[in-house]
Amino acid sequence: MSVPRTASVGPSGEAVWATERGERRQPGIVHVVMLALFIGIGIVVGTLGSLAVPIGFVSAFWPGQAVQAVGGVWFGWWGVLAGMFFPFISNALSGSAPLPVSAAYLPANFLQSFLAGAAFRWLRVDPRLQTSRDWFVWVVIGVLLANFLGAFWGTYVLTWFGMITASARPTALLGWFFGNSVPSLIFGSILLKYVSPMVLRSKAFAKGWWA
Amino acid sequence: MRLAVEVERFSWRCPFAQRDALREVSLAIPAGEFTLVVGPNEAGKTTLMLAIKGIIPHSLAGRHDGTVRVFGEPVAQKNAAVLARQVGYVFGDPDAQFTALTVEEEILFGLENVGVPTSEIGARIRRASELTMISDLLDKPPYDISGGEKQRVAIASVLAMDPEILILDEPTSMIDPLGKDLIVDICGSLKRDRRMTVIVVEHNVEAFAPLADRVVLVRDGRIEREGAPRTFFDDVESLIDCGVYPPQVTQVFARLQRRGLYAGPLPLTDEEGVAAGTRLLQGAGRWR
Amino acid sequence: MIRAERLAFRYPDGTPALDGVTLTIAAGEFVALIGQNGAGKTTLAKCLAGLLRPTHGRVVVGGIDTAAKGVMKALVRRIGYVFQNPDHQLFNTRVYDEISYGPKNLGVPERERDAVVREVAAVAGVRPELFSEHPFFLSKGLRQRVAIASTLAIRPQVIVVDEPTTGQDYRQSIDVMEFLTRLWRQQGHTIIIVTHEMPIVAAYAQRVIALCRGRVLADGPTREVFAQPDLLAQTFVKPPQVTRLARAWAGAGVRADALTVDELVDEVVRVAGGERAVAVPRAGRQEPPAGPGAQADA
Amino acid sequence: MGEAQIAKKTLLGMVPADSPFYRFHPVGRMALLIFLSVTPLFIDMPEVNLGLILVTLGLLWWGRVRMQQVRRYLPLLVTVAIFMFGVAFLAPGNRTALTPIRSVGATFYFEPMWWAFVSYCRLIAMLFGAILYFSTNRERDTLVALRSLGVPFAVSYVAALSLRSAGMFMEDFKTIREAQQARGLDLESLSVVEKAKLYTMYTVPLFAVALRRADEISNALFAKGYTLSGRPAGGGRRTDYLRAQYPVRARDWAVSVGLVGAFALVAALSKTTGVFSDHLSPLRAVVVGMVAAR
């Protein structure tokens with residue numbers, strides 16, 4: 001049952017997201033399982049990332065966003081859901097945010113998970129990052145925009161909870177932004193480039209948002 | 001005779017694959033019969049089993065042709081819960097089949113799925129775990145035990161469901177030799193006492209051949225040979241070429257036969273071999 | 001080469017895995033670790049390779065105490081470990097990087113590294129066309145070979161392989177074992193395998209160490225250990241079928257410790273047919289075995 | 001070999017199988033999580049939060065959690081403190097409205113520093129609540145709690161499977177690290193950049209394994225007769241043996257209702273009366289007095 005080995009030429013951009021004639025896609029058990037596994041993987045990556053470089057709740061190096069972004073790209077809403085929920089547990093395990101704060105982060109985590117997936121589907125970007133256009137959309141929307149918006153909301157939450165003063169917000173915003181963007185750029189790119197070929201062949205891959 | 005499994009000109013191709021994993025395979029297995037499936041890796045043995053269990057086409061996408069029937073009805077038209085009651089499946093990779101957090105939950109998961117009353121579940125868990133000797137593991141996570149224990153847990157979780165057909169895909173690959181004997185004994189008692197239809201895929205032919213009513217060789221997506229074990233292993237060399245290792249006792253006598261020292265049916269078990277050898281050596285006047 | 005003294009190991013939840021194991025393995029041996037599930041085989045192998053730190057006792061490999069600090073780099077040149085599941089030990093994105101990972105860690109210069117990679121790949125049967133492939137797309141048998149090649153690239157004197165034949169069919173098992181035998185015979189490596197397949201042990205290993213509940217129950221030349229079925233039964237192991245047959249026919253003059261189909265057939269032919277005595281190799285240095293069973297007679 | 005003390009594997013480590021926590025129903029333990037880790041949100045007064053931290057530490061000790069496990073969080077406590085007080089020091093806000101304190105050659109401002117202290121105590125109290133839960137509960141306990149609360153089967157299953165898979169990935173992670181060591185990786189001699197590169201080597205196999213596992217588990221679920229709805233075909237209900245094994249007794253209800261009630265009471269009091277406001281803190285009065293005296 002192993003994935004057959006073939007050359008990496010395959011459908012690109014347009015073809016990746018197009019459903020073939022007569023192809024019927026509907027969510028199945030595999031998507032529910034993938035949701036759970038992605039939460040699990042997010043917990044591990046998110047926790048270890050925060051524990052490795054613990055500088056408080058704005059981690060200077062949080063690879064969790066890479067998991068969020070690629071999850072949305074590969075598995076649509078299932079990946080987005082996973083990206084929204086795993087931070088609850090990874091934040092609690094690593095001690096970077098308690099449950100109520102994690103709850104308040106939800107919109108940030110939603111954007112960080114959703115934007116890349118949305119951009120890839122709407123703009124028909126190849127998840128294997130094969131052209132410079134693919135790279136451009138990934139970096140600008142999937143990484144920079146998603147993390148800027150995420151950091152904007154997240155630091156607002158921190159101020160709201162009184163964990164940082166209003167005047168410290170710009171610093172925290174920059175910290176969050178770079179702390180997420182840099183690892184996301186590194187890991188996210190590697191995951192998209194090297195793992196996407198396998199994902200595109202798996203039955204869990206979601207061409208649409210649900211399947 | 002009632003047929004448990006009928007496979008009719010069944011073909012299957014995975015998405016992205018260059019060729020069919022199964023090519024017009026036909027096979028009929030009567031209820032209560034014990035079938036041993038052998039063949040090299042990646043020949044299609046597991047794929048055939050998945051098709052009988054209905055994982056193909058229900059849970060795996062791909063192109064298929066032909067039909068597979070279980071008790072006369074196509075599996076494609078049965079749903080998971082019905083199939084779970086009829087066909088038990090033990091996967092080859094012990095890590096690949098666990099769905100729960102502890103061994104006990106692993107066993108009860110399927111029982112809950114098919115709606116066995118809670119009052120009965122406790123007794124079923126006890127019976128299945130005693131039979132497979134895993135009673136002391138019930139509280140442990142299934143990914144935290146040794147490979148051999150995992151395989152026994154997998155078998156227990158399927159036995160508890162009391163299926164009519166039991167498929168075991170390489171059930172002893174990670175088990176120590178006497179642990180293998182335990183699995184073989186369990187299979188023997190299922191055949192004898194419960195008249196269960198058992199299909200075993202194994203490289204370890206030596207242990208299962210004596211139990212089998214029939215041996216099936218799958219190669220290159222086809223059924224290449226099929227027969228009763230006494231005649232199936234006659235051509236030892238060509239089987240070895242196919243990656244199948246016949247029981248050592250059978251090999252020994254096949255070789256002696258070719259050297260003109262032995263004539264008669266090829267033995268399959270230790271006992272038969274010892275007896276045949278003793279006769280042979282006595283005949284040569286060598287027994288002191 | 002390897003000396004383990006009163007090794008004990010306990011899992012974090014308190015379950016004991018090893019209990020006072022003392023043994024010595026000399027350079028150039030081919031050893032099989034056998035025993036029932038949970039007897040401590042893998043734990044012992046990992047302790048020998050320095051991957052697990054024993055709770056008590058110590059392991060010295062080629063003069064290095066595995067528990068000492070900062071010895072990992074020196075240690076991996078002496079002993080290499082091939083995991084049971086290749087999925088866990090292949091973590092690079094290209095086969096080439098996978099094989100060159102070890103030498104790179106040890107600071108081998110690039111030009112030399114390339115030569116090493118090509119050489120061990122050839123030995124392990126990994127063709128250069130596969131170098132830029134992703135290891136995950138290879139078949140299981142090939143992944144196992146890449147795993148072995150990447151361990152060989154460090155040129156460890158001792159190679160430990162955990163379950164080299166699990167899940168492989170007969171042909172593939174023979175391929176792996178023949179390959180290990182070449183390393184042992186031609187390149188002088190010490191080989192340690194962990195396995196449940198007694199026909200494989202009988203045909204290839206020179207010495208057997210049988211573990212039972214974390215202790216060494218039997219340790220000696222393969223032929224001698226397999227000649228004691230009662231002792232073996234305590235470790236939930238039984239000798240291969242040919243050995244069981246040979247014992248039953250010993251009364252007729254068949255040697256009771258035959259290990260392979262070839263040996264047993266030759267013995268029966270000699271005894272029954274009165275042919276000239278077939279020279280059976282001593283257990284100390286077995287001739288190149290033709291696999292655990294029958295090949296063509298010629 | 002001595003008496004082997006068998007421990008249960010929790011999400012964060014090990015706890016002896018006879019820990020007194022296991023005398024309580026998982027629902028009660030989940031109520032404790034809610035009480036300890038959400039209540040501080042409504043409490044500004046640092047004394048109360050410090051008290052809660054002491055209670056949590058007491059419970060950790062009473063539950064016989066190994067203190068080594070807890071000690072892992074010490075560096076985190078320090079870095080969080082440095083971060084929070086550092087921010088308050090470097091970016092205090094509108095300085096003219098604040099009370100300056102000159103000390104050790106620098107100017108601090110009382111209000112932001114005090115607020116950092118208040119927030120820090122609250123944060124740490126909430127964190128310890130979560131640490132307590134994850135140190136004393138297995139995945140199974142969470143599953144039983146969810147099922148006993150009547151959460152739909154599919155939801156409780158996803159929750160349990162994700163916790164379990166986190167455990168599996170941790171194991172994978174350890175094995176991958178062992179494999180790297182087996183090939184001469186010396187973690188201690190690596191620079192930060194090299195350590196960052198290491199994550200790549202962990203993540204790619206982790207994801208590839210996840211893909212395989214998703215296929216395998218979904219096949220296994222099908223084989224065991226699981227349907228998405230969780231209902232067996234041909235009518236009938238999915239039975240719940242696990243829940244039947246863990247009956248919620250009167251005492252467990254009392255504990256759970258009591259804890260959730262206490263939480264609700266604190267929240268209500270805090271919003272209506274402001275009794276937990278930091279302005280009522282005796283400690284604050286003392287510090288303010290000291291600042292004024294200078």
# chains A, B, ... in the order shown; residues from 1 in each chain; ligands from 1
call {"tool": "residues_around", "arguments": {"residues": "range 95-109 of chain C", "least_positions_apart": "5", "cutoff": "6 Å", "atoms": "only C-alpha atoms", "output": "PyMOL selection string"}}
result
(chain C and resi 117+131-133+135+150+154) or (chain D and resi 183-185)
call {"tool": "residues_around", "arguments": {"residues": "Trp135 in chain A", "least_positions_apart": "5", "cutoff": "12 Å", "atoms": "only C-alpha atoms", "output": "list in words"}}
result
Gly13, Ala116, Ala119, Phe120, Val125, Asp126, Pro127, Arg128, Leu129, Gln130, Val140, Ile141, Gly142, Val143, Leu185, Gly188, Ser189, Ile190, Leu192 and Lys193 of chain A
call {"tool": "write_last_selection", "arguments": {"atoms": "all heavy atoms", "output": "compact mmCIF listing (two decimals), in the first residue's frame"}}
result
# COMPACT_ATOMS: atom_id res chain seq x y z
N GLY A 13 -0.37 23.60 -10.38
CA GLY A 13 -1.31 24.70 -10.12
C GLY A 13 -2.75 24.39 -10.38
O GLY A 13 -3.43 23.79 -9.55
N ALA A 116 -3.60 31.05 4.14
CA ALA A 116 -2.81 30.36 3.11
C ALA A 116 -3.71 29.43 2.31
O ALA A 116 -3.67 29.42 1.07
CB ALA A 116 -1.67 29.58 3.76
N ALA A 119 -5.92 31.44 -0.06
CA ALA A 119 -5.17 32.01 -1.18
C ALA A 119 -4.81 30.92 -2.18
O ALA A 119 -4.92 31.10 -3.40
CB ALA A 119 -3.92 32.71 -0.67
N PHE A 120 -4.36 29.77 -1.68
CA PHE A 120 -3.96 28.69 -2.59
C PHE A 120 -5.14 28.21 -3.42
O PHE A 120 -5.01 27.92 -4.59
CB PHE A 120 -3.36 27.52 -1.80
CG PHE A 120 -1.88 27.68 -1.52
CD1 PHE A 120 -1.40 28.82 -0.89
CD2 PHE A 120 -0.98 26.69 -1.88
CE1 PHE A 120 -0.05 28.98 -0.63
CE2 PHE A 120 0.38 26.83 -1.63
CZ PHE A 120 0.83 27.98 -1.00
N VAL A 125 -2.86 27.99 -6.59
CA VAL A 125 -1.42 27.89 -6.37
C VAL A 125 -1.06 26.43 -6.11
O VAL A 125 -1.78 25.73 -5.40
CB VAL A 125 -1.01 28.77 -5.17
CG1 VAL A 125 0.45 28.55 -4.82
CG2 VAL A 125 -1.28 30.22 -5.48
N ASP A 126 0.03 25.98 -6.68
CA ASP A 126 0.47 24.60 -6.49
C ASP A 126 1.11 24.45 -5.11
O ASP A 126 2.09 25.13 -4.81
CB ASP A 126 1.49 24.24 -7.58
CG ASP A 126 1.77 22.74 -7.59
OD1 ASP A 126 1.79 22.13 -6.49
OD2 ASP A 126 1.97 22.18 -8.69
N PRO A 127 0.58 23.57 -4.26
CA PRO A 127 1.15 23.41 -2.92
C PRO A 127 2.62 22.96 -2.94
O PRO A 127 3.30 23.07 -1.93
CB PRO A 127 0.29 22.32 -2.28
CG PRO A 127 -0.95 22.26 -3.09
CD PRO A 127 -0.59 22.70 -4.47
N ARG A 128 3.07 22.42 -4.07
CA ARG A 128 4.48 21.99 -4.12
C ARG A 128 5.42 23.13 -4.44
O ARG A 128 6.61 22.93 -4.63
CB ARG A 128 4.62 20.88 -5.16
CG ARG A 128 3.91 19.60 -4.76
CD ARG A 128 3.74 18.66 -5.91
NE ARG A 128 2.81 19.21 -6.91
CZ ARG A 128 2.39 18.54 -7.96
NH1 ARG A 128 2.82 17.32 -8.19
NH2 ARG A 128 1.56 19.10 -8.81
N LEU A 129 4.87 24.36 -4.53
CA LEU A 129 5.66 25.57 -4.77
C LEU A 129 6.58 25.41 -5.97
O LEU A 129 7.80 25.37 -5.83
CB LEU A 129 6.49 25.93 -3.53
CG LEU A 129 5.71 26.17 -2.24
CD1 LEU A 129 6.66 26.50 -1.10
CD2 LEU A 129 4.68 27.28 -2.41
N GLN A 130 5.98 25.31 -7.15
CA GLN A 130 6.82 25.03 -8.32
C GLN A 130 7.18 26.25 -9.14
O GLN A 130 8.15 26.22 -9.89
CB GLN A 130 6.13 23.96 -9.17
CG GLN A 130 6.14 22.63 -8.44
CD GLN A 130 5.62 21.49 -9.24
OE1 GLN A 130 4.73 21.67 -10.07
NE2 GLN A 130 6.16 20.32 -9.02
N VAL A 140 3.78 36.01 0.69
CA VAL A 140 3.11 37.27 0.99
C VAL A 140 1.81 37.05 1.76
O VAL A 140 1.56 37.70 2.78
CB VAL A 140 2.85 38.07 -0.31
CG1 VAL A 140 1.97 39.28 -0.02
CG2 VAL A 140 4.18 38.50 -0.89
N ILE A 141 0.98 36.12 1.31
CA ILE A 141 -0.31 35.94 1.97
C ILE A 141 -0.23 34.90 3.09
O ILE A 141 -0.63 35.14 4.22
CB ILE A 141 -1.41 35.55 0.95
CG1 ILE A 141 -1.54 36.66 -0.09
CG2 ILE A 141 -2.74 35.32 1.68
CD1 ILE A 141 -2.58 36.40 -1.14
N GLY A 142 0.34 33.73 2.75
CA GLY A 142 0.36 32.64 3.71
C GLY A 142 1.22 32.94 4.92
O GLY A 142 0.92 32.50 6.04
N VAL A 143 2.32 33.64 4.71
CA VAL A 143 3.22 33.89 5.83
C VAL A 143 3.07 35.32 6.36
O VAL A 143 2.64 35.54 7.49
CB VAL A 143 4.70 33.63 5.43
CG1 VAL A 143 5.62 33.91 6.60
CG2 VAL A 143 4.86 32.19 4.96
N LEU A 185 8.23 30.45 7.50
CA LEU A 185 8.86 30.54 6.19
C LEU A 185 9.78 29.33 5.97
O LEU A 185 9.76 28.70 4.91
CB LEU A 185 9.67 31.84 6.12
CG LEU A 185 10.02 32.33 4.74
CD1 LEU A 185 8.75 32.59 3.95
CD2 LEU A 185 10.83 33.62 4.85
N GLY A 188 7.41 25.84 6.91
CA GLY A 188 6.26 25.78 6.02
C GLY A 188 6.72 25.51 4.60
O GLY A 188 6.17 24.66 3.90
N SER A 189 7.77 26.21 4.16
CA SER A 189 8.24 26.01 2.79
C SER A 189 8.73 24.59 2.59
O SER A 189 8.44 23.95 1.59
CB SER A 189 9.37 26.99 2.48
OG SER A 189 8.95 28.30 2.75
N ILE A 190 9.48 24.11 3.58
CA ILE A 190 10.01 22.75 3.45
C ILE A 190 8.88 21.73 3.42
O ILE A 190 8.87 20.81 2.60
CB ILE A 190 10.99 22.46 4.60
CG1 ILE A 190 12.28 23.22 4.34
CG2 ILE A 190 11.26 20.98 4.72
CD1 ILE A 190 13.23 23.25 5.49
N LEU A 192 5.75 22.20 2.51
CA LEU A 192 5.00 22.29 1.26
C LEU A 192 5.79 21.63 0.14
O LEU A 192 5.27 20.87 -0.66
CB LEU A 192 4.71 23.75 0.92
CG LEU A 192 3.63 24.41 1.78
CD1 LEU A 192 3.51 25.88 1.47
CD2 LEU A 192 2.29 23.72 1.59
N LYS A 193 7.08 21.92 0.11
CA LYS A 193 7.89 21.42 -0.99
C LYS A 193 8.07 19.89 -0.92
O LYS A 193 7.94 19.20 -1.92
CB LYS A 193 9.25 22.12 -0.95
CG LYS A 193 9.97 22.06 -2.25
CD LYS A 193 10.54 23.38 -2.70
CE LYS A 193 11.11 23.22 -4.09
NZ LYS A 193 10.12 22.92 -5.10
call {"tool": "closest_atom_pairs", "arguments": {"of": "chain B", "to": "chain C", "cutoff": "8 Å", "atoms": "only C-alpha atoms", "output": "JSON lines"}}
result
{"residue": "B:Gly39", "atom": "CA", "partner": "C:Asp169", "partner_atom": "CA", "distance": 8.0}
{"residue": "B:Pro40", "atom": "CA", "partner": "C:Asp169", "partner_atom": "CA", "distance": 5.6}
{"residue": "B:Asn41", "atom": "CA", "partner": "C:Asp169", "partner_atom": "CA", "distance": 5.7}
{"residue": "B:Ser146", "atom": "CA", "partner": "C:Gly38", "partner_atom": "CA", "distance": 6.2}
{"residue": "B:Gly147", "atom": "CA", "partner": "C:Asn37", "partner_atom": "CA", "distance": 7.4}
{"residue": "B:Gly148", "atom": "CA", "partner": "C:Asn37", "partner_atom": "CA", "distance": 5.9}
{"residue": "B:Glu149", "atom": "CA", "partner": "C:Asn37", "partner_atom": "CA", "distance": 7.4}
{"residue": "B:Ser173", "atom": "CA", "partner": "C:Thr166", "partner_atom": "CA", "distance": 6.0}
{"residue": "B:Met174", "atom": "CA", "partner": "C:Thr166", "partner_atom": "CA", "distance": 6.7}
{"residue": "B:Ile175", "atom": "CA", "partner": "C:Asn37", "partner_atom": "CA", "distance": 6.5}
{"residue": "B:Asp176", "atom": "CA", "partner": "C:Gln36", "partner_atom": "CA", "distance": 5.1}
{"residue": "B:Pro177", "atom": "CA", "partner": "C:Val237", "partner_atom": "CA", "distance": 5.2}
{"residue": "B:Leu178", "atom": "CA", "partner": "C:Phe236", "partner_atom": "CA", "distance": 5.0}
{"residue": "B:Gly179", "atom": "CA", "partner": "C:Phe236", "partner_atom": "CA", "distance": 7.1}
{"residue": "B:His203", "atom": "CA", "partner": "C:Asp169", "partner_atom": "CA", "distance": 6.3}
{"residue": "B:Glu237", "atom": "CA", "partner": "C:Ala296", "partner_atom": "CA", "distance": 7.3}
{"residue": "B:Ile240", "atom": "CA", "partner": "C:Tyr170", "partner_atom": "CA", "distance": 7.6}
{"residue": "B:Asp241", "atom": "CA", "partner": "C:Arg171", "partner_atom": "CA", "distance": 7.7}
{"residue": "B:Cys242", "atom": "CA", "partner": "C:Arg171", "partner_atom": "CA", "distance": 7.8}
{"residue": "B:Gly243", "atom": "CA", "partner": "C:Tyr170", "partner_atom": "CA", "distance": 4.8}
{"residue": "B:Val244", "atom": "CA", "partner": "C:Tyr170", "partner_atom": "CA", "distance": 5.9}
{"residue": "B:Tyr245", "atom": "CA", "partner": "C:Tyr170", "partner_atom": "CA", "distance": 6.1}
{"residue": "B:Gln248", "atom": "CA", "partner": "C:Gln241", "partner_atom": "CA", "distance": 6.2}
{"residue": "B:Val249", "atom": "CA", "partner": "C:Val242", "partner_atom": "CA", "distance": 6.6}
{"residue": "B:Gln251", "atom": "CA", "partner": "C:Ala294", "partner_atom": "CA", "distance": 6.9}
{"residue": "B:Val252", "atom": "CA", "partner": "C:Val265", "partner_atom": "CA", "distance": 5.9}
{"residue": "B:Arg255", "atom": "CA", "partner": "C:Val265", "partner_atom": "CA", "distance": 7.1}
{"residue": "B:Leu256", "atom": "CA", "partner": "C:Val265", "partner_atom": "CA", "distance": 6.8}
{"residue": "B:Leu261", "atom": "CA", "partner": "C:Gly273", "partner_atom": "CA", "distance": 7.6}
{"residue": "B:Asp270", "atom": "CA", "partner": "C:Leu245", "partner_atom": "CA", "distance": 6.9}
{"residue": "B:Gly273", "atom": "CA", "partner": "C:Leu245", "partner_atom": "CA", "distance": 7.1}
{"residue": "B:Val274", "atom": "CA", "partner": "C:Leu245", "partner_atom": "CA", "distance": 6.0}
{"residue": "B:Gly277", "atom": "CA", "partner": "C:Trp249", "partner_atom": "CA", "distance": 7.3}
{"residue": "B:Thr278", "atom": "CA", "partner": "C:Trp249", "partner_atom": "CA", "distance": 6.6}
{"residue": "B:Leu280", "atom": "CA", "partner": "C:Ala272", "partner_atom": "CA", "distance": 7.7}
{"residue": "B:Leu281", "atom": "CA", "partner": "C:Ala272", "partner_atom": "CA", "distance": 5.7}
{"residue": "B:Gln282", "atom": "CA", "partner": "C:Ala252", "partner_atom": "CA", "distance": 7.9}
{"residue": "B:Ala284", "atom": "CA", "partner": "C:Ala272", "partner_atom": "CA", "distance": 5.4}
{"residue": "B:Gly285", "atom": "CA", "partner": "C:Ala272", "partner_atom": "CA", "distance": 7.8}
{"residue": "B:Arg286", "atom": "CA", "partner": "C:Ala252", "partner_atom": "CA", "distance": 5.4}
{"residue": "B:Trp287", "atom": "CA", "partner": "C:Ala252", "partner_atom": "CA", "distance": 4.3}
{"residue": "B:Arg288", "atom": "CA", "partner": "C:Ala252", "partner_atom": "CA", "distance": 5.7}
call {"tool": "write_last_selection", "arguments": {"atoms": "N, CA and C atoms", "output": "CSV table (one decimal), in the first residue's frame"}}
result
chain,number,residue,atom,x,y,z
B,39,GLY,N,2.9,-15.8,-0.9
B,39,GLY,CA,3.4,-15.1,-2.1
B,39,GLY,C,4.4,-14.0,-1.7
B,40,PRO,N,5.1,-13.5,-2.7
B,40,PRO,CA,6.1,-12.5,-2.4
B,40,PRO,C,5.4,-11.2,-1.9
B,41,ASN,N,6.2,-10.3,-1.3
B,41,ASN,CA,5.7,-9.0,-0.9
B,41,ASN,C,5.3,-8.2,-2.2
B,146,SER,N,5.1,-4.2,23.5
B,146,SER,CA,6.0,-4.8,22.5
B,146,SER,C,5.2,-5.2,21.2
B,147,GLY,N,6.0,-5.4,20.1
B,147,GLY,CA,5.4,-5.7,18.9
B,147,GLY,C,4.5,-7.0,18.9
B,148,GLY,N,5.0,-8.0,19.6
B,148,GLY,CA,4.3,-9.2,19.7
B,148,GLY,C,3.0,-9.1,20.5
B,149,GLU,N,3.1,-8.3,21.6
B,149,GLU,CA,1.9,-8.0,22.4
B,149,GLU,C,0.9,-7.3,21.5
B,173,SER,N,4.3,-11.8,12.5
B,173,SER,CA,5.6,-11.4,12.1
B,173,SER,C,6.5,-10.9,13.2
B,174,MET,N,5.9,-10.4,14.3
B,174,MET,CA,6.8,-9.8,15.3
B,174,MET,C,6.7,-10.6,16.6
B,175,ILE,N,6.2,-11.8,16.5
B,175,ILE,CA,6.0,-12.6,17.7
B,175,ILE,C,7.1,-13.7,17.9
B,176,ASP,N,7.5,-13.9,19.1
B,176,ASP,CA,8.5,-15.0,19.4
B,176,ASP,C,8.0,-16.3,19.0
B,177,PRO,N,8.9,-17.3,18.8
B,177,PRO,CA,8.4,-18.6,18.3
B,177,PRO,C,7.3,-19.3,19.1
B,178,LEU,N,7.4,-19.3,20.4
B,178,LEU,CA,6.3,-20.0,21.1
B,178,LEU,C,5.0,-19.1,21.1
B,179,GLY,N,5.2,-17.8,21.0
B,179,GLY,CA,4.0,-16.9,20.9
B,179,GLY,C,3.3,-17.2,19.6
B,203,HIS,N,4.1,-15.3,5.8
B,203,HIS,CA,5.4,-15.8,5.3
B,203,HIS,C,5.8,-17.1,6.0
B,237,GLU,N,11.3,-25.9,-5.2
B,237,GLU,CA,12.2,-24.9,-5.8
B,237,GLU,C,11.5,-23.7,-6.4
B,240,ILE,N,10.3,-21.4,-3.8
B,240,ILE,CA,11.3,-20.6,-3.2
B,240,ILE,C,11.6,-19.4,-4.2
B,241,ASP,N,11.6,-19.7,-5.4
B,241,ASP,CA,11.8,-18.6,-6.4
B,241,ASP,C,10.7,-17.5,-6.3
B,242,CYS,N,9.5,-17.9,-5.9
B,242,CYS,CA,8.5,-16.9,-5.7
B,242,CYS,C,8.6,-16.2,-4.3
B,243,GLY,N,9.6,-16.5,-3.6
B,243,GLY,CA,9.7,-15.9,-2.3
B,243,GLY,C,8.9,-16.6,-1.2
B,244,VAL,N,8.5,-17.8,-1.4
B,244,VAL,CA,7.7,-18.6,-0.4
B,244,VAL,C,8.7,-19.7,0.1
B,245,TYR,N,8.7,-19.8,1.4
B,245,TYR,CA,9.6,-20.7,2.1
B,245,TYR,C,8.7,-21.8,2.7
B,248,GLN,N,10.3,-26.5,6.6
B,248,GLN,CA,11.6,-27.1,6.4
B,248,GLN,C,11.5,-28.7,6.2
B,249,VAL,N,10.5,-29.2,7.0
B,249,VAL,CA,10.3,-30.7,6.9
B,249,VAL,C,9.9,-31.1,5.5
B,251,GLN,N,10.6,-29.4,2.8
B,251,GLN,CA,11.8,-29.3,1.9
B,251,GLN,C,12.8,-30.4,2.0
B,252,VAL,N,13.0,-30.9,3.3
B,252,VAL,CA,13.9,-32.0,3.5
B,252,VAL,C,13.4,-33.2,2.7
B,255,ARG,N,13.7,-33.0,-1.1
B,255,ARG,CA,15.0,-33.2,-1.5
B,255,ARG,C,15.4,-34.7,-1.5
B,256,LEU,N,15.0,-35.3,-0.4
B,256,LEU,CA,15.3,-36.8,-0.3
B,256,LEU,C,14.6,-37.6,-1.4
B,261,LEU,N,15.6,-41.3,-2.2
B,261,LEU,CA,15.6,-42.0,-0.9
B,261,LEU,C,14.3,-42.1,-0.3
B,270,ASP,N,6.0,-31.6,12.2
B,270,ASP,CA,7.1,-32.3,12.9
B,270,ASP,C,6.9,-33.8,13.0
B,273,GLY,N,7.0,-35.8,9.9
B,273,GLY,CA,8.4,-35.8,9.4
B,273,GLY,C,9.2,-36.8,10.2
B,274,VAL,N,9.0,-36.7,11.6
B,274,VAL,CA,9.8,-37.6,12.4
B,274,VAL,C,9.4,-39.1,12.0
B,277,GLY,N,10.8,-40.1,8.6
B,277,GLY,CA,12.3,-40.2,8.6
B,277,GLY,C,12.7,-41.5,9.3
B,278,THR,N,11.9,-41.7,10.4
B,278,THR,CA,12.3,-42.9,11.2
B,278,THR,C,12.1,-44.2,10.3
B,280,LEU,N,12.2,-44.3,7.1
B,280,LEU,CA,13.2,-44.2,6.0
B,280,LEU,C,14.6,-44.8,6.6
B,281,LEU,N,14.9,-44.3,7.8
B,281,LEU,CA,16.2,-44.8,8.3
B,281,LEU,C,16.2,-46.2,8.8
B,282,GLN,N,15.0,-46.6,9.3
B,282,GLN,CA,14.9,-48.0,9.7
B,282,GLN,C,15.0,-48.9,8.4
B,284,ALA,N,16.6,-48.4,5.9
B,284,ALA,CA,18.0,-48.4,5.4
B,284,ALA,C,18.8,-49.2,6.4
B,285,GLY,N,18.2,-49.8,7.5
B,285,GLY,CA,18.9,-50.6,8.4
B,285,GLY,C,19.8,-49.8,9.3
B,286,ARG,N,19.5,-48.5,9.5
B,286,ARG,CA,20.4,-47.6,10.2
B,286,ARG,C,20.0,-47.4,11.6
B,287,TRP,N,18.8,-47.9,12.0
B,287,TRP,CA,18.3,-47.5,13.4
B,287,TRP,C,19.0,-48.4,14.4
B,288,ARG,N,19.7,-47.9,15.3
B,288,ARG,CA,20.4,-48.7,16.2
B,288,ARG,C,19.6,-48.7,17.5
call {"tool": "closest_atom_pairs", "arguments": {"of": "chain B", "to": "chain A", "cutoff": "10 Å", "atoms": "only C-alpha atoms", "output": "Markdown table"}}
result
| residue | atom | partner | partner_atom | distance |
| --- | --- | --- | --- | --- |
| B:Cys14 | CA | A:Met1 | CA | 8.6 |
| B:Pro15 | CA | A:Arg201 | CA | 7.6 |
| B:Phe16 | CA | A:Pro4 | CA | 7.3 |
| B:Ala17 | CA | A:Pro4 | CA | 6.3 |
| B:Gln18 | CA | A:Pro4 | CA | 8.4 |
| B:Ala21 | CA | A:Met1 | CA | 9.6 |
| B:Glu42 | CA | A:Met1 | CA | 8.1 |
| B:Gly44 | CA | A:Met1 | CA | 9.3 |
| B:Thr46 | CA | A:Met1 | CA | 8.4 |
| B:Thr47 | CA | A:Met1 | CA | 7.9 |
| B:Ser59 | CA | A:Gly28 | CA | 8.3 |
| B:Leu60 | CA | A:Lys203 | CA | 7.7 |
| B:Ala61 | CA | A:Lys203 | CA | 7.2 |
| B:Thr99 | CA | A:Val33 | CA | 9.7 |
